[in-house]
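Let me begin by presenting the structure, written as structure tokens, before commenting on it.
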There are 2 protein chains.
Amino acid sequence: MITGMPPYDPSAFPPFAVTVDLVVLTVRRHALCALVVRRGEPPFQGRWALPGGFVRADEDLAAAAARELAEETGLYAHDPAAPAPGNGAHLEQLATYGDPERDPRMRVVSVAHLVLAPDLPAPRAGGDANSVRWAPVEELLKKENGLAREEEQPAQLAFDHDRILADGVERARSKIEYSSLATAFCPPEFTVGELRRVYEAVWGVALDPRNFHRKVTGTPGFLVPAGGTTTRQGGRPAQLFRAGGATLLNPPMLRPEV
Amino acid sequence: MITGMPPYDPSAFPPFAVTVDLVVLTVRRHALCALVVRRGEPPFQGRWALPGGFVRADEDLAAAAARELAEETGLYAHDPAAPAPGNGAHLEQLATYGDPERDPRMRVVSVAHLVLAPDLPAPRAGGDANSVRWAPVEELLKKENGLAREEEQPAQLAFDHDRILADGVERARSKIEYSSLATAFCPPEFTVGELRRVYEAVWGVALDPRNFHRKVTGTPGFLVPAGGTTTRQGGRPAQLFRAGGATLLNPPMLRPEV
DNA sequence: GATCATAGTCGTCTGCCTGACGATAAACAC
DNA sequence: GTGTTTATCGTCAGGCAGACGACTATGATC
């Protein structure tokens with residue numbers, strides 16, 4: 001903010017609180033999982049929610065999202081505009097949620113961000129290991145689909161976080177179709193099979209290993225050989241790859257019909 | 001906002017102003033055009049800017065965008081969630097811009113929205129006909145591409161509106177690939193040729209009329225015959241169509257290689 | 001050590017879609 | 001009528017995706 005200019009008449013606009021909320025996704029044990037934290041205070045005390053927090057006075061939105069991510073998970077996101085060499089997570093703005101009643105305390109506009117991260121050893125809580133976890137999105141979004149069974153219904157997320165999560169998952173599902181973003185779920189070096197399992201977990205479908213292999217190895221710039229092999233998945237040793245320079249896949253990966 | 005809950009400690013967060021900015025696009029005379037308004041006061045007095053304004057205290061973000069749209073153009077947008085029967089424009093959230101220095105007066109977070117509208121008789125200004133116009137986006141974004149010639153350089157848009165406009169145009173370009181949104185640029189009844197000219201204007205390419213015709217008439221749910229013909233484009237009479245129920249095109253329209 | 005299970009990799013075949021383009025049809029202008 | 005414009009139908013070849021067979025290379029098990 002530049003000074004030396006007459007400020008707005010404070011009565012001309014209502015004051016808002018602006019927050020960032022994070023949809024942090026990863027693939028663990030063949031399932032797409034989201035990071036959720038337990039709320040320690042009202043409203044929605046004890047319920048699970050997406051991580052997030054206030055944007056500071058002199059902080060960009062993306063910077064606020066990256067800061068919250070680091071504070072709550074220890075993950076470092078690289079700016080997509082300037083991808084860092086280190087293995088940071090992918091971070092992008094998702095959408096903004098500003099229903100006047102989304103927070104009962106006051107008017108809060110939340111700029112949601114989407115983070116795609118490789119599977120991590122442990123979701124290092126910011127001190128409290130019991131208040132943060134990876135939850136399968138299928139479980140979190142269960143009551144959205146079909147009829148909710150009354151018994152053992154996982155509590156809905158706080159605020160409008162169910163909707164934010166659903167939007168983030170949908171964004172991830174569609175974005176791995178036409179971009180190389182699925183590699184953001186993988187470690188720096190990975191096999192074709194591991195990449196395929198990412199697609200299968202995110203889309204919730206089974207893919208033909210042979211056609212998948214032909215497709216990803218045939219798309220120029222998607223994968224570059226890293227030079228070694230691994231047997232960490234069992235079976236015949238698989239070639240290791242690194243993410244190539246291409247970000248947009250043309251033609252795209254095809255999500256099988258429903 | 002629900003009352004009866006302790007409000008936030010006002011010192012716990014910085015106050016923001018929240019605005020909506022609109023990227024309103026249409027196709028006029030074979031060119032993709034955006035709605036811009038002339039700023040009457042500093043900063044950026046006299047410069048062109050995207051229409052927009054403050055979000056009110058009890059107003060949803062989409063409602064604020066629709067209100068600003070109606071105030072500045074007389075257009076009515078239908079909520080994509082509940083598409084009205086009338087010929088309203090398509091409105092969707094685009095992205096949120098919150099750089100601390102984007103407005104020199106104070107911290108303003110702007111939630112940009114994208115509006116796609118059919119060609120309108122005249123951009124009815126909100127009383128001041130000289131302060132609002134349709135400008136070809138090619139002209140508005142000219143200095144972004146290539147080297148800017150010093151002479152006769154169109155003034156850049158105010159604030160970060162160049163970037164917002166570029167993002168909106170890119171969203172429109174990519175979204176007509178895989179959705180039926182191009183029909184939002186057409187009147188309620190239109191011909192295949194008119195729809196093709198929309199694609200050509202938005203993408204800035206020439207398309208083969210025969211292959212385009214085969215593609216759009218062969219995609220189920222994209223177009224439904226309206227029953228008549230028209231010669232308003234000259235030449236042989238063309239069948240009139242209405243937008244079909246399909247919103248997602250599968251397989252998508254293919255934008256020719258660059 | 002033979003066998004089995006697992007996963008990876010290479011090929012083949014067929015159908016569909018697309019791009020290139022020829023040909024015909026129906027209006028208007030002269 | 002002739003030419004021009006736009007619309008619409010058809011044909012053909014190339015490319016890609018889905019289905020699926022075949023082979024390879026490892027670890028596990030007997």
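In the structure tokens, the first chain shown is A, the next is B, and so on; residue numbers restart at 1 for each chain, and ligands run from 1 in the order shown.
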Taking only residues of chain B that have an atom at most 10 Å from an atom of chain C, what is each one's shortest atom pair and its distance in Å to one decimal, using only C-alpha atoms (C1' of nucleotides), in chain and number order, as a tab-separated table?
```
residue	atom	partner	partner_atom	distance
B:Asp208	CA	C:DG19	C1'	8.9
B:Arg210	CA	C:DC21	C1'	9.5
B:Asn211	CA	C:DG19	C1'	7.9
B:Lys215	CA	C:DT18	C1'	9.3
B:Thr231	CA	C:DA27	C1'	7.4
B:Gly234	CA	C:DA27	C1'	7.2
B:Gly235	CA	C:DA27	C1'	5.0
B:Arg236	CA	C:DA27	C1'	4.4
B:Pro237	CA	C:DA27	C1'	6.3
B:Ala238	CA	C:DA26	C1'	9.4
B:Pro251	CA	C:DC17	C1'	9.1
B:Leu254	CA	C:DT18	C1'	9.2
```
How about saving the chosen residues, N, CA and C atoms kept, as a compact mmCIF listing (two decimals), in the first residue's frame?
```txt
# COMPACT_ATOMS: atom_id res chain seq x y z
N ASP B 208 -12.36 -24.27 -39.93
CA ASP B 208 -12.97 -24.82 -41.13
C ASP B 208 -14.48 -24.94 -40.91
N ARG B 210 -16.76 -26.54 -42.43
CA ARG B 210 -17.36 -27.86 -42.60
C ARG B 210 -17.06 -28.74 -41.40
N ASN B 211 -15.82 -28.74 -40.96
CA ASN B 211 -15.50 -29.55 -39.79
C ASN B 211 -16.18 -29.02 -38.54
N LYS B 215 -18.75 -31.04 -36.18
CA LYS B 215 -18.45 -31.22 -34.76
C LYS B 215 -19.59 -30.76 -33.85
N THR B 231 -31.39 -15.74 -42.89
CA THR B 231 -30.38 -15.35 -43.88
C THR B 231 -29.67 -14.09 -43.43
N GLY B 234 -26.40 -13.45 -44.74
CA GLY B 234 -26.21 -13.55 -46.18
C GLY B 234 -26.04 -14.99 -46.60
N GLY B 235 -26.03 -15.23 -47.89
CA GLY B 235 -25.83 -16.58 -48.38
C GLY B 235 -27.05 -17.46 -48.18
N ARG B 236 -26.78 -18.72 -48.26
CA ARG B 236 -27.86 -19.70 -48.13
C ARG B 236 -28.46 -19.64 -46.73
N PRO B 237 -29.77 -19.82 -46.63
CA PRO B 237 -30.40 -19.77 -45.30
C PRO B 237 -29.79 -20.82 -44.38
N ALA B 238 -29.62 -20.44 -43.14
CA ALA B 238 -29.01 -21.34 -42.17
C ALA B 238 -30.03 -21.72 -41.12
N PRO B 251 -16.29 -35.32 -26.52
CA PRO B 251 -14.97 -34.69 -26.45
C PRO B 251 -15.04 -33.18 -26.67
N LEU B 254 -11.56 -28.49 -30.15
CA LEU B 254 -10.10 -28.43 -30.15
C LEU B 254 -9.64 -27.08 -30.70
```
Please build the interface table for chain D against chain B with a cut-off of 12 Å, listing for each qualifying residue the nearest atom pair and the distance in Å to one decimal; count only C-alpha atoms (C1' of nucleotides), order rows by chain and increasing number, and write it as JSON lines.
```
{"residue": "D:DT4", "atom": "C1'", "partner": "B:Gly235", "partner_atom": "CA", "distance": 8.5}
{"residue": "D:DT5", "atom": "C1'", "partner": "B:Gly235", "partner_atom": "CA", "distance": 4.7}
{"residue": "D:DT6", "atom": "C1'", "partner": "B:Gly235", "partner_atom": "CA", "distance": 4.1}
{"residue": "D:DA7", "atom": "C1'", "partner": "B:Arg236", "partner_atom": "CA", "distance": 5.7}
{"residue": "D:DT8", "atom": "C1'", "partner": "B:Arg210", "partner_atom": "CA", "distance": 7.6}
{"residue": "D:DC9", "atom": "C1'", "partner": "B:Arg210", "partner_atom": "CA", "distance": 8.9}
{"residue": "D:DG10", "atom": "C1'", "partner": "B:Arg210", "partner_atom": "CA", "distance": 10.4}
```
Selected residues written out with C-alpha atoms (C1' of nucleotides), as a CSV table (one decimal), in the first residue's frame:
```csv
chain,number,residue,atom,x,y,z
D,4,DT,C1',-20.7,-14.3,-54.8
D,5,DT,C1',-21.6,-15.7,-50.3
D,6,DT,C1',-22.8,-18.9,-46.8
D,7,DA,C1',-24.5,-23.5,-45.5
D,8,DT,C1',-24.3,-28.4,-45.5
D,9,DC,C1',-23.1,-33.1,-46.9
D,10,DG,C1',-19.4,-36.5,-48.1
```
ask   = What are the residues of chain B that have an atom within 10 Å of an atom of chain A, counting only C-alpha atoms, as a ChimeraX atom specification?
value = /B:1-8,10,12-19,42-43,53-63,93-109,111-112,250-251,254,257
Could you fit chain A onto chain B by least squares over every C-alpha atom, paired in order, and give me the moved chain as a compact mmCIF listing (two decimals) with C-alpha atoms, in the first residue's frame?
```txt
# COMPACT_ATOMS: atom_id res chain seq x y z
CA MET A 1 -24.00 -13.03 9.62
CA ILE A 2 -25.55 -14.53 12.70
CA THR A 3 -25.62 -12.47 15.84
CA GLY A 4 -25.39 -13.69 19.42
CA MET A 5 -21.82 -14.88 19.23
CA PRO A 6 -18.85 -13.01 20.62
CA PRO A 7 -17.32 -11.08 17.75
CA TYR A 8 -13.69 -11.28 16.89
CA ASP A 9 -11.32 -9.10 18.78
CA PRO A 10 -11.09 -6.24 16.29
CA SER A 11 -7.38 -5.96 16.95
CA ALA A 12 -6.86 -9.57 15.92
CA PHE A 13 -7.16 -8.90 12.21
CA PRO A 14 -6.59 -6.00 9.88
CA PRO A 15 -9.63 -4.51 8.16
CA PHE A 16 -9.93 -4.90 4.40
CA ALA A 17 -12.12 -3.35 1.81
CA VAL A 18 -13.61 -5.97 -0.49
CA THR A 19 -14.67 -5.12 -4.02
CA VAL A 20 -15.84 -6.97 -7.09
CA ASP A 21 -14.37 -6.22 -10.49
CA LEU A 22 -16.01 -7.39 -13.68
CA VAL A 23 -14.49 -8.73 -16.86
CA VAL A 24 -17.47 -8.41 -19.19
CA LEU A 25 -16.77 -9.96 -22.57
CA THR A 26 -18.76 -9.98 -25.77
CA VAL A 27 -18.14 -10.52 -29.45
CA ARG A 28 -18.74 -7.52 -31.70
CA ARG A 29 -17.91 -7.37 -35.35
CA HIS A 30 -15.75 -10.49 -35.24
CA ALA A 31 -13.70 -9.19 -32.30
CA LEU A 32 -13.65 -10.13 -28.65
CA CYS A 33 -14.43 -6.99 -26.67
CA ALA A 34 -14.37 -6.09 -23.02
CA LEU A 35 -16.39 -3.50 -21.18
CA VAL A 36 -14.32 -0.68 -19.70
CA VAL A 37 -15.32 2.46 -17.87
CA ARG A 38 -13.46 5.73 -17.56
CA ARG A 39 -12.39 6.66 -14.07
CA GLY A 40 -13.69 10.00 -12.91
CA GLU A 41 -11.51 10.42 -9.86
CA PRO A 42 -8.03 9.62 -8.65
CA PRO A 43 -6.17 7.43 -8.56
CA PHE A 44 -5.83 6.71 -12.26
CA GLN A 45 -8.24 9.53 -13.06
CA GLY A 46 -9.20 9.53 -16.74
CA ARG A 47 -7.84 6.05 -17.31
CA TRP A 48 -9.99 3.13 -18.38
CA ALA A 49 -10.76 0.47 -15.84
CA LEU A 50 -12.91 -2.56 -15.38
CA PRO A 51 -16.33 -1.91 -13.88
CA GLY A 52 -16.67 -2.79 -10.24
CA GLY A 53 -17.43 -1.58 -6.76
CA PHE A 54 -17.63 -2.34 -3.09
CA VAL A 55 -19.31 -5.40 -1.74
CA ARG A 56 -22.03 -4.39 0.65
CA ALA A 57 -22.21 -5.50 4.24
CA ASP A 58 -24.86 -8.16 3.77
CA GLU A 59 -24.28 -9.09 0.18
CA ASP A 60 -22.91 -12.25 -1.31
CA LEU A 61 -19.99 -11.90 -3.71
CA ALA A 62 -21.93 -13.14 -6.71
CA ALA A 63 -24.82 -10.87 -5.81
CA ALA A 64 -22.49 -7.91 -5.65
CA ALA A 65 -21.12 -8.78 -9.07
CA ALA A 66 -24.60 -9.12 -10.52
CA ARG A 67 -25.65 -5.81 -8.98
CA GLU A 68 -22.64 -3.96 -10.36
CA LEU A 69 -23.27 -5.52 -13.74
CA ALA A 70 -26.86 -4.34 -13.75
CA GLU A 71 -25.92 -0.88 -12.53
CA GLU A 72 -23.25 -0.36 -15.13
CA THR A 73 -24.69 -2.09 -18.16
CA GLY A 74 -28.32 -2.94 -17.56
CA LEU A 75 -27.42 -6.58 -18.13
CA TYR A 76 -28.90 -9.23 -15.94
CA ALA A 77 -26.83 -12.24 -15.13
CA HIS A 78 -28.32 -15.52 -14.27
CA ASP A 79 -26.79 -17.53 -11.53
CA PRO A 80 -25.15 -20.56 -13.16
CA ALA A 81 -26.54 -22.64 -10.33
CA ALA A 82 -30.09 -21.61 -11.20
CA PRO A 83 -30.08 -20.58 -14.83
CA ALA A 84 -32.98 -18.27 -15.44
CA PRO A 85 -35.04 -18.68 -18.59
CA GLY A 86 -34.52 -15.11 -19.70
CA ASN A 87 -31.53 -14.20 -21.78
CA GLY A 88 -29.21 -13.21 -19.00
CA ALA A 89 -25.47 -13.24 -19.24
CA HIS A 90 -23.24 -15.93 -17.86
CA LEU A 91 -21.50 -14.92 -14.64
CA GLU A 92 -18.82 -16.80 -12.75
CA GLN A 93 -16.16 -16.02 -10.25
CA LEU A 94 -12.77 -15.54 -11.84
CA ALA A 95 -10.08 -14.99 -9.22
CA THR A 96 -9.20 -12.75 -6.32
CA TYR A 97 -6.52 -10.11 -6.39
CA GLY A 98 -5.09 -8.89 -3.13
CA ASP A 99 -1.64 -7.47 -3.63
CA PRO A 100 -1.12 -5.03 -0.74
CA GLU A 101 -0.15 -2.31 -3.19
CA ARG A 102 -2.77 -2.81 -5.84
CA ASP A 103 -4.72 0.21 -4.62
CA PRO A 104 -2.65 3.16 -3.39
CA ARG A 105 -5.32 4.32 -1.00
CA MET A 106 -5.76 1.31 1.21
CA ARG A 107 -5.82 -2.43 1.38
CA VAL A 108 -8.40 -3.62 -1.11
CA VAL A 109 -9.07 -7.22 -2.00
CA SER A 110 -10.97 -7.55 -5.24
CA VAL A 111 -12.92 -10.62 -6.23
CA ALA A 112 -12.98 -10.55 -10.02
CA HIS A 113 -15.89 -12.06 -11.90
CA LEU A 114 -16.20 -13.04 -15.52
CA VAL A 115 -19.31 -12.19 -17.52
CA LEU A 116 -20.00 -13.49 -21.00
CA ALA A 117 -22.74 -11.62 -22.81
CA PRO A 118 -24.24 -11.61 -26.28
CA ASP A 119 -23.61 -8.57 -28.42
CA LEU A 120 -25.75 -5.76 -27.10
CA PRO A 121 -27.29 -2.83 -28.91
CA ALA A 122 -25.39 -0.27 -26.87
CA PRO A 123 -23.43 -0.35 -23.63
CA ARG A 124 -25.91 1.73 -21.77
CA ALA A 125 -23.82 3.76 -19.41
CA GLY A 126 -25.21 4.41 -16.00
CA GLY A 127 -26.14 7.91 -17.13
CA ASP A 128 -22.85 8.91 -18.65
CA ALA A 129 -22.64 7.51 -22.17
CA ASN A 130 -19.14 8.79 -22.72
CA SER A 131 -17.57 6.95 -19.86
CA VAL A 132 -18.21 3.36 -20.84
CA ARG A 133 -17.36 1.45 -23.98
CA TRP A 134 -16.64 -1.91 -25.54
CA ALA A 135 -12.96 -2.12 -26.33
CA PRO A 136 -11.36 -4.93 -28.36
CA VAL A 137 -9.28 -6.96 -25.97
CA GLU A 138 -6.54 -7.20 -28.54
CA GLU A 139 -6.18 -3.47 -28.27
CA LEU A 140 -6.39 -3.39 -24.48
CA LEU A 141 -3.79 -6.09 -24.07
CA LYS A 142 -1.58 -4.86 -26.88
CA LYS A 143 1.33 -3.64 -24.82
CA GLU A 144 1.54 -6.90 -22.99
CA ASN A 145 2.69 -8.67 -26.11
CA GLY A 146 5.80 -7.72 -27.97
CA LEU A 147 7.49 -4.40 -27.76
CA ALA A 148 5.28 -1.46 -27.08
CA ARG A 149 5.55 1.27 -29.63
CA GLU A 150 5.77 4.56 -27.88
CA GLU A 151 3.47 6.41 -30.22
CA GLU A 152 -0.26 6.08 -29.76
CA GLN A 153 0.02 3.57 -27.02
CA PRO A 154 -3.37 2.91 -25.53
CA ALA A 155 -3.20 3.76 -21.87
CA GLN A 156 -2.97 0.73 -19.70
CA LEU A 157 -5.95 -0.03 -17.59
CA ALA A 158 -6.03 1.28 -14.04
CA PHE A 159 -4.78 -0.70 -11.05
CA ASP A 160 -3.95 -4.31 -11.91
CA HIS A 161 -6.87 -4.51 -14.30
CA ASP A 162 -4.64 -5.48 -17.21
CA ARG A 163 -3.80 -8.67 -15.44
CA ILE A 164 -7.38 -9.31 -14.39
CA LEU A 165 -8.53 -8.81 -17.94
CA ALA A 166 -5.84 -11.11 -19.28
CA ASP A 167 -6.84 -13.78 -16.79
CA GLY A 168 -10.49 -13.40 -17.73
CA VAL A 169 -9.78 -13.66 -21.43
CA GLU A 170 -7.66 -16.72 -20.88
CA ARG A 171 -10.42 -18.28 -18.81
CA ALA A 172 -12.95 -17.62 -21.56
CA ARG A 173 -10.63 -19.00 -24.22
CA SER A 174 -10.06 -22.22 -22.40
CA LYS A 175 -13.59 -22.63 -21.11
CA ILE A 176 -15.27 -22.62 -24.50
CA GLU A 177 -13.10 -25.61 -25.34
CA TYR A 178 -14.75 -28.01 -22.98
CA SER A 179 -18.06 -26.34 -22.18
CA SER A 180 -20.97 -25.01 -24.15
CA LEU A 181 -20.27 -21.53 -22.85
CA ALA A 182 -19.66 -20.09 -26.28
CA THR A 183 -23.43 -19.99 -26.65
CA ALA A 184 -23.44 -17.33 -23.93
CA PHE A 185 -22.02 -14.97 -26.55
CA CYS A 186 -24.89 -15.70 -28.90
CA PRO A 187 -28.48 -14.47 -28.96
CA PRO A 188 -31.10 -17.00 -27.83
CA GLU A 189 -31.38 -18.35 -31.35
CA PHE A 190 -28.33 -18.52 -33.52
CA THR A 191 -26.83 -20.36 -36.47
CA VAL A 192 -23.87 -22.68 -36.61
CA GLY A 193 -21.98 -20.01 -38.51
CA GLU A 194 -22.61 -17.43 -35.84
CA LEU A 195 -21.37 -19.82 -33.20
CA ARG A 196 -18.31 -20.51 -35.29
CA ARG A 197 -17.55 -16.82 -35.56
CA VAL A 198 -17.69 -16.64 -31.77
CA TYR A 199 -15.03 -19.32 -31.51
CA GLU A 200 -12.97 -17.61 -34.16
CA ALA A 201 -13.17 -14.25 -32.42
CA VAL A 202 -12.41 -15.58 -28.96
CA TRP A 203 -9.56 -17.80 -30.06
CA GLY A 204 -8.36 -15.49 -32.79
CA VAL A 205 -8.10 -18.27 -35.35
CA ALA A 206 -9.94 -19.39 -38.47
CA LEU A 207 -11.89 -22.62 -38.30
CA ASP A 208 -13.01 -24.87 -41.10
CA PRO A 209 -16.77 -24.31 -41.49
CA ARG A 210 -17.42 -27.89 -42.56
CA ASN A 211 -15.57 -29.59 -39.77
CA PHE A 212 -16.99 -27.13 -37.26
CA HIS A 213 -20.50 -27.82 -38.46
CA ARG A 214 -19.98 -31.57 -38.19
CA LYS A 215 -18.52 -31.23 -34.73
CA VAL A 216 -21.11 -29.01 -33.06
CA THR A 217 -24.12 -30.67 -34.64
CA GLY A 218 -22.69 -34.06 -33.75
CA THR A 219 -22.10 -33.32 -30.09
CA PRO A 220 -25.20 -34.50 -28.26
CA GLY A 221 -26.89 -31.84 -26.13
CA PHE A 222 -24.85 -28.95 -27.44
CA LEU A 223 -27.39 -27.55 -29.88
CA VAL A 224 -31.09 -28.18 -30.36
CA PRO A 225 -32.85 -27.06 -33.54
CA ALA A 226 -35.06 -24.06 -32.96
CA GLY A 227 -37.13 -24.76 -36.02
CA GLY A 228 -36.53 -21.83 -38.34
CA THR A 229 -33.93 -20.48 -40.66
CA THR A 230 -32.38 -17.09 -41.16
CA THR A 231 -30.42 -15.31 -43.83
CA ARG A 232 -29.21 -12.47 -41.63
CA GLN A 233 -25.63 -13.50 -42.40
CA GLY A 234 -26.23 -13.54 -46.15
CA GLY A 235 -25.89 -16.56 -48.36
CA ARG A 236 -27.92 -19.69 -48.08
CA PRO A 237 -30.44 -19.72 -45.24
CA ALA A 238 -29.06 -21.31 -42.12
CA GLN A 239 -30.85 -23.39 -39.56
CA LEU A 240 -31.49 -21.73 -36.22
CA PHE A 241 -30.43 -23.44 -33.03
CA ARG A 242 -30.82 -22.92 -29.34
CA ALA A 243 -28.31 -23.90 -26.66
CA GLY A 244 -28.92 -27.47 -25.55
CA GLY A 245 -28.87 -28.75 -22.02
CA ALA A 246 -25.30 -30.02 -22.10
CA THR A 247 -22.82 -27.82 -20.27
CA LEU A 248 -19.74 -29.99 -20.59
CA LEU A 249 -18.58 -31.02 -24.03
CA ASN A 250 -17.07 -34.45 -24.31
CA PRO A 251 -15.00 -34.72 -26.40
CA PRO A 252 -14.10 -31.03 -26.24
CA MET A 253 -13.74 -28.55 -29.04
CA LEU A 254 -10.13 -28.47 -30.13
CA ARG A 255 -8.30 -25.20 -30.29
CA PRO A 256 -5.93 -25.37 -33.27
CA GLU A 257 -2.23 -25.53 -32.47
CA VAL A 258 -0.48 -22.23 -32.19
```
task = Any chance you could list, as a ChimeraX atom specification, the residues in region 21-258 of chain A that come up alpha helix (DSSP H) when DSSP is run on the backbone?
result = /A:61-73,137-140,161-178,192-203,209-218
Could you take the residues named above and write them with C-alpha atoms, as an mmCIF file, in the first residue's frame?
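Listing of selection_14.cif after writing:
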```cif
data_model
loop_
_atom_site.group_PDB
_atom_site.id
_atom_site.type_symbol
_atom_site.label_atom_id
_atom_site.label_comp_id
_atom_site.auth_asym_id
_atom_site.auth_seq_id
_atom_site.Cartn_x
_atom_site.Cartn_y
_atom_site.Cartn_z
ATOM 1 C CA LEU A 61 -2.821 -13.664 -0.603
ATOM 2 C CA ALA A 62 -0.497 -16.338 -1.948
ATOM 3 C CA ALA A 63 2.078 -15.441 0.682
ATOM 4 C CA ALA A 64 -0.510 -15.805 3.401
ATOM 5 C CA ALA A 65 -1.467 -19.214 2.062
ATOM 6 C CA ALA A 66 2.154 -20.317 1.921
ATOM 7 C CA ARG A 67 2.759 -19.059 5.449
ATOM 8 C CA GLU A 68 -0.258 -20.884 6.848
ATOM 9 C CA LEU A 69 0.822 -24.011 5.030
ATOM 10 C CA ALA A 70 4.274 -23.845 6.552
ATOM 11 C CA GLU A 71 2.929 -23.093 10.001
ATOM 12 C CA GLU A 72 0.477 -25.953 10.001
ATOM 13 C CA THR A 73 2.344 -28.642 8.120
ATOM 14 C CA VAL A 137 -11.765 -37.158 1.013
ATOM 15 C CA GLU A 138 -14.218 -39.909 0.250
ATOM 16 C CA GLU A 139 -14.930 -40.075 3.936
ATOM 17 C CA LEU A 140 -15.089 -36.315 4.409
ATOM 18 C CA HIS A 161 -15.474 -26.069 4.365
ATOM 19 C CA ASP A 162 -17.323 -29.030 2.901
ATOM 20 C CA ARG A 163 -18.044 -27.006 -0.166
ATOM 21 C CA ILE A 164 -14.539 -25.592 -0.346
ATOM 22 C CA LEU A 165 -13.101 -29.070 -0.090
ATOM 23 C CA ALA A 166 -15.441 -30.376 -2.767
ATOM 24 C CA ASP A 167 -14.453 -27.529 -5.057
ATOM 25 C CA GLY A 168 -10.775 -28.196 -4.418
ATOM 26 C CA VAL A 169 -11.107 -31.887 -5.119
ATOM 27 C CA GLU A 170 -12.994 -31.196 -8.306
ATOM 28 C CA ARG A 171 -10.310 -28.739 -9.371
ATOM 29 C CA ALA A 172 -7.600 -31.317 -8.747
ATOM 30 C CA ARG A 173 -9.525 -33.998 -10.599
ATOM 31 C CA SER A 174 -9.976 -31.895 -13.667
ATOM 32 C CA LYS A 175 -6.571 -30.281 -13.598
ATOM 33 C CA ILE A 176 -4.578 -33.489 -13.760
ATOM 34 C CA GLU A 177 -6.385 -34.183 -17.014
ATOM 35 C CA TYR A 178 -4.765 -31.448 -18.998
ATOM 36 C CA VAL A 192 5.098 -44.752 -14.187
ATOM 37 C CA GLY A 193 3.172 -47.087 -11.921
ATOM 38 C CA GLU A 194 3.314 -44.661 -9.038
ATOM 39 C CA LEU A 195 2.050 -41.897 -11.266
ATOM 40 C CA ARG A 196 -0.731 -44.152 -12.454
ATOM 41 C CA ARG A 197 -1.782 -44.884 -8.901
ATOM 42 C CA VAL A 198 -2.022 -41.136 -8.332
ATOM 43 C CA TYR A 199 -4.444 -40.816 -11.214
ATOM 44 C CA GLU A 200 -6.384 -43.802 -9.995
ATOM 45 C CA ALA A 201 -6.653 -42.420 -6.470
ATOM 46 C CA VAL A 202 -7.620 -38.914 -7.522
ATOM 47 C CA TRP A 203 -10.137 -40.012 -10.103
ATOM 48 C CA PRO A 209 -1.333 -50.009 -16.987
ATOM 49 C CA ARG A 210 -0.273 -50.630 -20.582
ATOM 50 C CA ASN A 211 -2.224 -47.832 -22.162
ATOM 51 C CA PHE A 212 -1.270 -45.499 -19.332
ATOM 52 C CA HIS A 213 2.385 -46.307 -19.797
ATOM 53 C CA ARG A 214 2.181 -45.679 -23.527
ATOM 54 C CA LYS A 215 0.371 -42.413 -22.992
ATOM 55 C CA VAL A 216 2.589 -40.783 -20.371
ATOM 56 C CA THR A 217 5.869 -41.908 -21.879
ATOM 57 C CA GLY A 218 4.665 -40.780 -25.287
#
```
request  = Write out as a ChimeraX atom specification all residues of region 87-255 of chain A that DSSP puts in strand (DSSP E) for this structure's backbone.
outcome  = /A:89-97,108-116,132-136,223-230,238-243
